[in-house]
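> Can you read through this structure? Questions will come right after.
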Amino acid sequence: MPAATCRFLLASLIIALLAGMVFTPGLPGEFLFDDVPNITANQAVHLTQLSAEALANVLTSLQLSGTTRSLPTLSFALDYWRAGGPDPMTFKITNIVLHALTACVLAWFFRSLLLVAGVSVTRVRWPALALALAWAAHPLQVSAVLYVVQRLQTMGTLFLILALWAYLLARQAQIEGRSGRTGLLLTLLLWIVAMGCKEDSALLPAYTLALELTLLRFAAADTRLADRLRRGYLLATLFAVAAYVLVIIPHFWQGQAYWGRDYTAGERLLTQGRVLCMYLWQILIPLPGHMPFYYDWLQPSRSLLHPWTTLPAIALVLALLGIAWRLRVRWPLFALGVLLFFSAHIITSNVIGLELAFEHRNHFALVGAVLAVGSLLGHIGSRLQIRSAVQAIGCAALIVALASATLMRAHTWNSTLSIARIATEHAPGSGRAWTQLCASYFSAGGGAVQNNPRLDEAIESCIAGSAAVPQSLNSPTLLVVLKSLRGDATPQDWNHLQQRLETAPMTRDNARIFMILTFHARKGVKLDKQELLETFEVLARRGALGAFNTASIGYFVMNDLSEPELALPYFFEAIEANPPNDPFPQQLGAELRAKGRPDLAEKVERLGFARSRIGDASSTGINAGPR
């Protein structure tokens, strides 16, 4: 191995070590938000013995996060087995190691990019290392690395960068007159692995197209291969556009709001201009106050001028894309960075009914942003004829500032309570942040126990959150629970919750309040039975639960409240919401008979039979009703 390569390998390993160290203040931390359903409450990843059969069960089990994310799911199971349980530090250390490894690989990818762009071998080392460290040490990465479940994203990024690096080396070989087939085959294999981490890895062809439009220019020593590349990418682009217009838009577009959201597909598209500009602001001005982690406070754009920032934000995004297109030959690295950043958001900033914003969506996109900013600073330095030593000092100062901000932000991630405190400070309109603050105080005091020493602090947080976010139901729900535990819940507290329930938008967060009530009731909190039933009635009337959750309320009313007759309407609603031939009515009927209620079982089975007849009629093309 040449001496220069050895030195770069050593330097890239040092970069990886530094990249990992800046996140260690976030240890040990706790599991947070989506970590609970995907890890701590997910029996499928609770691996207790290391065997081929157990690992196969993990890979084939149905996962809440999706069936295509098998590799991160397997890693969760292995962490559970290594720690002997759900230990947050074990899981977070794995995340940090993966991020550090990605930084090392990224340094080599940037090195190859710079060499293709014409930077000499003697000068390529430090820019590549600086770009990789700037990406790895950026404070926007904290939530992607220390939020355990986002290993789905970070692991996908690792294999995407490996795939891009393999593609770049393969195309270099073709430009030099060699076949490059091995590199292209490796690219395909790495892409498949990346797809086994997260679905947005499907965007690899968009990233390779960005490489071709800027640095590679569809070049090849064999002119016939060059022509095939141009035609192939053109056809692939036309196919992608046709699939988007004819398949994706018709499937996801709807005039009314998405289920569990308070915005339509059109409103979501309008909002994404503001979201992308917010991401760019967070990247360029990475102050901790700009990154509250929770973004449920973000209001969707209802039109181009509501809010007024919608139109300017969309104009800025289009202007950046236009500038990148114009400069793709003169400033290929800058153009590539811009195209990579926006390409990385094609899925999450589109018509699919996802949440409006999440920081982890920038884990790969930040590669493009860092490349664009680094290239722009390099051009400015050259134009102003700033000495190399001064440029190096300025670059080092920027990286130190980034790392310092990351260390500070990572420190807040050593507990959910500190995360919630910062989040409520920087995003006081976030219902999730206030709910987390209340729940964190409650948990820090021991949970549902008598004389919880932090119960009063938790209740005060619920009161503050309820007042700060009038459209949120979680804070007033927790307030009822905690005051019931303390023994001073009043009818006015329940009335306040029920009145808000009548008018609040039934988002997915708000629809979860029945889980808060039933969970704590089963933990021993003595909630008023009649008030519970009235709250469930209002919730069911709002029609935002779905079949599974409605049936869950029915089971709670039947088993925990010992009111099988009052549970029947919830079961009926769940049966109506299920497919016609669903076996649920027969299963429920058997449970009711076992409880000594054949009369209720007969009603349930009668409705199930009627639904089955509807299904049979549909399957044979018969419609007994009026046309």
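Residue names in the structure tokens use chain letters A, B, ... in the order shown, residue numbers from 1 in each chain, and ligand numbers from 1 in the order shown.
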Name all residues at most 9 Å from Gln49 in chain A (count only C-alpha atoms; drop same-chain ones fewer than 5 positions away) and give them as a PDB file with C-alpha atoms, in the first residue's frame.

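Final file, around-v4.pdb:
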```
ATOM      1  CA  ALA A  54     -33.972 -17.169  16.707  1.00  0.00           C
ATOM      2  CA  LEU A  55     -32.249 -14.891  14.191  1.00  0.00           C
ATOM      3  CA  TRP A  81     -29.047 -10.036  23.381  1.00  0.00           C
TER       4      TRP A  81
END
```
> Could you give me, as a PyMOL selection string, the residues within 7 Å of range 244-259 of chain A, counting only C-alpha atoms and dropping anything in the same chain fewer than 3 positions from it?
chain A and resi 240-241+262-265+351-353
> Using N, CA, C and O atoms, can you write the selected residues to a file as a PDB file, in the first residue's frame?

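Okay, this is what ended up in part-v2.pdb:
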```pdb
ATOM      1  N   ALA A 240     -39.268   7.237 -14.470  1.00  0.00           N
ATOM      2  CA  ALA A 240     -39.526   7.685 -13.101  1.00  0.00           C
ATOM      3  C   ALA A 240     -40.580   8.792 -13.082  1.00  0.00           C
ATOM      4  O   ALA A 240     -41.477   8.796 -12.224  1.00  0.00           O
ATOM      5  N   VAL A 241     -40.489   9.717 -14.027  1.00  0.00           N
ATOM      6  CA  VAL A 241     -41.477  10.798 -14.089  1.00  0.00           C
ATOM      7  C   VAL A 241     -42.860  10.232 -14.400  1.00  0.00           C
ATOM      8  O   VAL A 241     -43.868  10.629 -13.790  1.00  0.00           O
ATOM      9  N   ASP A 262     -53.652  16.802   9.789  1.00  0.00           N
ATOM     10  CA  ASP A 262     -54.546  17.939   9.581  1.00  0.00           C
ATOM     11  C   ASP A 262     -54.163  18.721   8.335  1.00  0.00           C
ATOM     12  O   ASP A 262     -54.330  19.932   8.264  1.00  0.00           O
ATOM     13  N   TYR A 263     -53.631  18.020   7.318  1.00  0.00           N
ATOM     14  CA  TYR A 263     -53.276  18.655   6.063  1.00  0.00           C
ATOM     15  C   TYR A 263     -53.489  17.679   4.913  1.00  0.00           C
ATOM     16  O   TYR A 263     -53.448  16.456   5.083  1.00  0.00           O
ATOM     17  N   THR A 264     -53.725  18.255   3.727  1.00  0.00           N
ATOM     18  CA  THR A 264     -53.933  17.467   2.514  1.00  0.00           C
ATOM     19  C   THR A 264     -52.599  17.265   1.804  1.00  0.00           C
ATOM     20  O   THR A 264     -51.568  17.833   2.196  1.00  0.00           O
ATOM     21  N   ALA A 265     -52.628  16.493   0.712  1.00  0.00           N
ATOM     22  CA  ALA A 265     -51.406  16.273  -0.058  1.00  0.00           C
ATOM     23  C   ALA A 265     -50.900  17.583  -0.652  1.00  0.00           C
ATOM     24  O   ALA A 265     -49.695  17.861  -0.651  1.00  0.00           O
ATOM     25  N   VAL A 351     -45.688  13.721  -1.812  1.00  0.00           N
ATOM     26  CA  VAL A 351     -47.124  13.589  -1.544  1.00  0.00           C
ATOM     27  C   VAL A 351     -47.457  12.467  -0.563  1.00  0.00           C
ATOM     28  O   VAL A 351     -48.615  12.321  -0.176  1.00  0.00           O
ATOM     29  N   ILE A 352     -46.477  11.678  -0.156  1.00  0.00           N
ATOM     30  CA  ILE A 352     -46.742  10.623   0.824  1.00  0.00           C
ATOM     31  C   ILE A 352     -47.093  11.277   2.158  1.00  0.00           C
ATOM     32  O   ILE A 352     -46.464  12.255   2.561  1.00  0.00           O
ATOM     33  N   GLY A 353     -48.081  10.735   2.846  1.00  0.00           N
ATOM     34  CA  GLY A 353     -48.616  11.371   4.039  1.00  0.00           C
ATOM     35  C   GLY A 353     -47.760  11.210   5.280  1.00  0.00           C
ATOM     36  O   GLY A 353     -48.261  10.805   6.340  1.00  0.00           O
TER      37      GLY A 353
END
```
> Name all residues at most 6 Å from range 96-111 of chain A (count only C-alpha atoms; drop same-chain ones fewer than 6 positions away) and give them as a PyMOL selection string.
chain A and resi 12+16+19-20+128-129+132+136+158+165
> At a cut-off of 7 Å, can you tabulate as CSV every residue of range 419-453 of chain A near range 464-486 of chain A together with its closest atom pair and the distance in Å to one decimal, using only C-alpha atoms and ordering rows by chain then number?

```
residue,atom,partner,partner_atom,distance
A:Pro428,CA,A:Ala468,CA,6.8
A:Gly429,CA,A:Val469,CA,5.6
A:Ser430,CA,A:Val469,CA,6.9
A:Gly431,CA,A:Ser472,CA,5.6
A:Trp434,CA,A:Gly465,CA,5.0
A:Thr435,CA,A:Ser475,CA,5.5
```
> Using N, CA, C and O atoms, can you export the residues from the last selection as a compact mmCIF listing (two decimals), in the first residue's frame?

```
# COMPACT_ATOMS: atom_id res chain seq x y z
N PRO A 428 -42.12 26.03 22.30
CA PRO A 428 -43.21 26.02 23.29
C PRO A 428 -44.56 25.63 22.71
O PRO A 428 -45.48 25.34 23.46
N GLY A 429 -44.67 25.61 21.39
CA GLY A 429 -45.93 25.21 20.77
C GLY A 429 -46.00 23.73 20.45
O GLY A 429 -46.94 23.28 19.79
N SER A 430 -45.03 22.95 20.94
CA SER A 430 -44.99 21.52 20.67
C SER A 430 -45.74 20.74 21.74
O SER A 430 -45.30 20.69 22.89
N GLY A 431 -46.85 20.13 21.37
CA GLY A 431 -47.58 19.28 22.31
C GLY A 431 -46.76 18.09 22.75
O GLY A 431 -46.82 17.67 23.91
N TRP A 434 -44.21 19.09 25.56
CA TRP A 434 -44.84 19.26 26.87
C TRP A 434 -45.26 17.92 27.45
O TRP A 434 -45.11 17.67 28.65
N THR A 435 -45.79 17.04 26.60
CA THR A 435 -46.18 15.71 27.08
C THR A 435 -44.96 14.95 27.58
O THR A 435 -45.00 14.28 28.62
```
> To test your reading of the structure, identify every residue in range 176-317 of chain A that backbone DSSP assigns to alpha helix (DSSP H), and report it as a PyMOL selection string.
chain A and resi 181-195+204-211+223-243+249-252+265-284+310-317
> Would you pick out the contacts of Leu316 in chain A at 12 Å or less, using only C-alpha atoms, so that residues sharing its chain but fewer than 3 positions from it are not included, and give the list as a list in words?
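Non-adjacent residues within range: Gln272, Gly273, Arg274, Val275, Leu276, Cys277, Met278, Leu280, Thr309, Thr310, Leu311, Pro312, Ala313, Ala319, Leu320, Leu321, Gly322 and Ile323 of chain A.
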> Point out the residue among A:Asn578, A:Ser443, A:Thr182, A:Thr73 with the least atom-to-atom distance to Leu59 in chain A, counting only C-alpha atoms.
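Looking only at the distances to Leu59 in chain A, the closest residue turns out to be A:Thr73.
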> What's the 9 Å shell around Arg217 in chain A, counting only C-alpha atoms, without same-chain residues fewer than 5 positions away, as a short mmCIF file (atom, residue, chain, number, x, y, z; two decimals) with C-alpha atoms, in the first residue's frame?

```
data_model
loop_
_atom_site.label_atom_id
_atom_site.label_comp_id
_atom_site.auth_asym_id
_atom_site.auth_seq_id
_atom_site.Cartn_x
_atom_site.Cartn_y
_atom_site.Cartn_z
CA LEU A 211 -22.87 12.48 -10.27
CA GLU A 212 -23.24 12.04 -14.02
CA VAL A 329 -19.96 22.41 -15.53
#
```
> Using only C-alpha atoms, can you tell me which of A:Ala577, A:Val124, A:Ala236, A:Leu47 comes closest to Ser112 in chain A?
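Result for the nearest residue to Ser112 in chain A: A:Val124.
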> List as a list in words the protein and nucleic acid residues near range 32-43 of chain A, meaning an atom at most 9 Å away when only C-alpha atoms are counted, but skip any in the same chain fewer than 3 places from it.
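With the cut-off at 9 Å, the set is His46, Leu47, Gln63, Leu64, Ser65, Thr73, Phe76, Ala77, Tyr80, Gly85, Pro86, Tyr147, Val148, Val149, Gln150, Thr416 and Gln436 of chain A.
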> Could you state the separation of CA of Ala11 in chain A and CA of Met155 in chain A in Å, given to one decimal place?
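Calculated distance between CA of Ala11 in chain A and CA of Met155 in chain A is 22.5 Å.
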> With distances taken over only C-alpha atoms, which residue among A:Met291, A:Thr550, A:Ser612, A:Pro564 lies nearest Gly596 in chain A?
A:Pro564
> How close does range 58-170 of chain A get to range 195-210 of chain A? List, as a tab-separated table, each residue of range 58-170 of chain A within 9 Å, its nearest atom pair and the distance in Å to one decimal, counting only C-alpha atoms.

```
residue	atom	partner	partner_atom	distance
A:Gly66	CA	A:Lys198	CA	8.6
A:Thr67	CA	A:Gly196	CA	8.9
A:Thr68	CA	A:Gly196	CA	5.3
A:Arg69	CA	A:Cys197	CA	4.5
A:Ser70	CA	A:Gly196	CA	5.7
A:Leu71	CA	A:Cys197	CA	5.6
A:Pro72	CA	A:Cys197	CA	5.9
A:Thr73	CA	A:Cys197	CA	8.4
A:Arg151	CA	A:Cys197	CA	8.4
A:Leu152	CA	A:Cys197	CA	5.4
A:Gln153	CA	A:Lys198	CA	6.3
A:Thr154	CA	A:Cys197	CA	8.7
A:Met155	CA	A:Cys197	CA	6.4
A:Gly156	CA	A:Cys197	CA	5.1
A:Thr157	CA	A:Ser201	CA	7.9
A:Phe159	CA	A:Cys197	CA	8.8
A:Leu160	CA	A:Ser201	CA	6.8
A:Ala163	CA	A:Leu204	CA	8.2
A:Leu164	CA	A:Thr208	CA	7.0
A:Tyr167	CA	A:Thr208	CA	7.7
A:Leu168	CA	A:Thr208	CA	8.4
```
> Any idea what the distance is between CA of Pro332 in chain A and CA of Ala170 in chain A?
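Going from CA of Pro332 in chain A over to CA of Ala170 in chain A, I get 19.2 Å.
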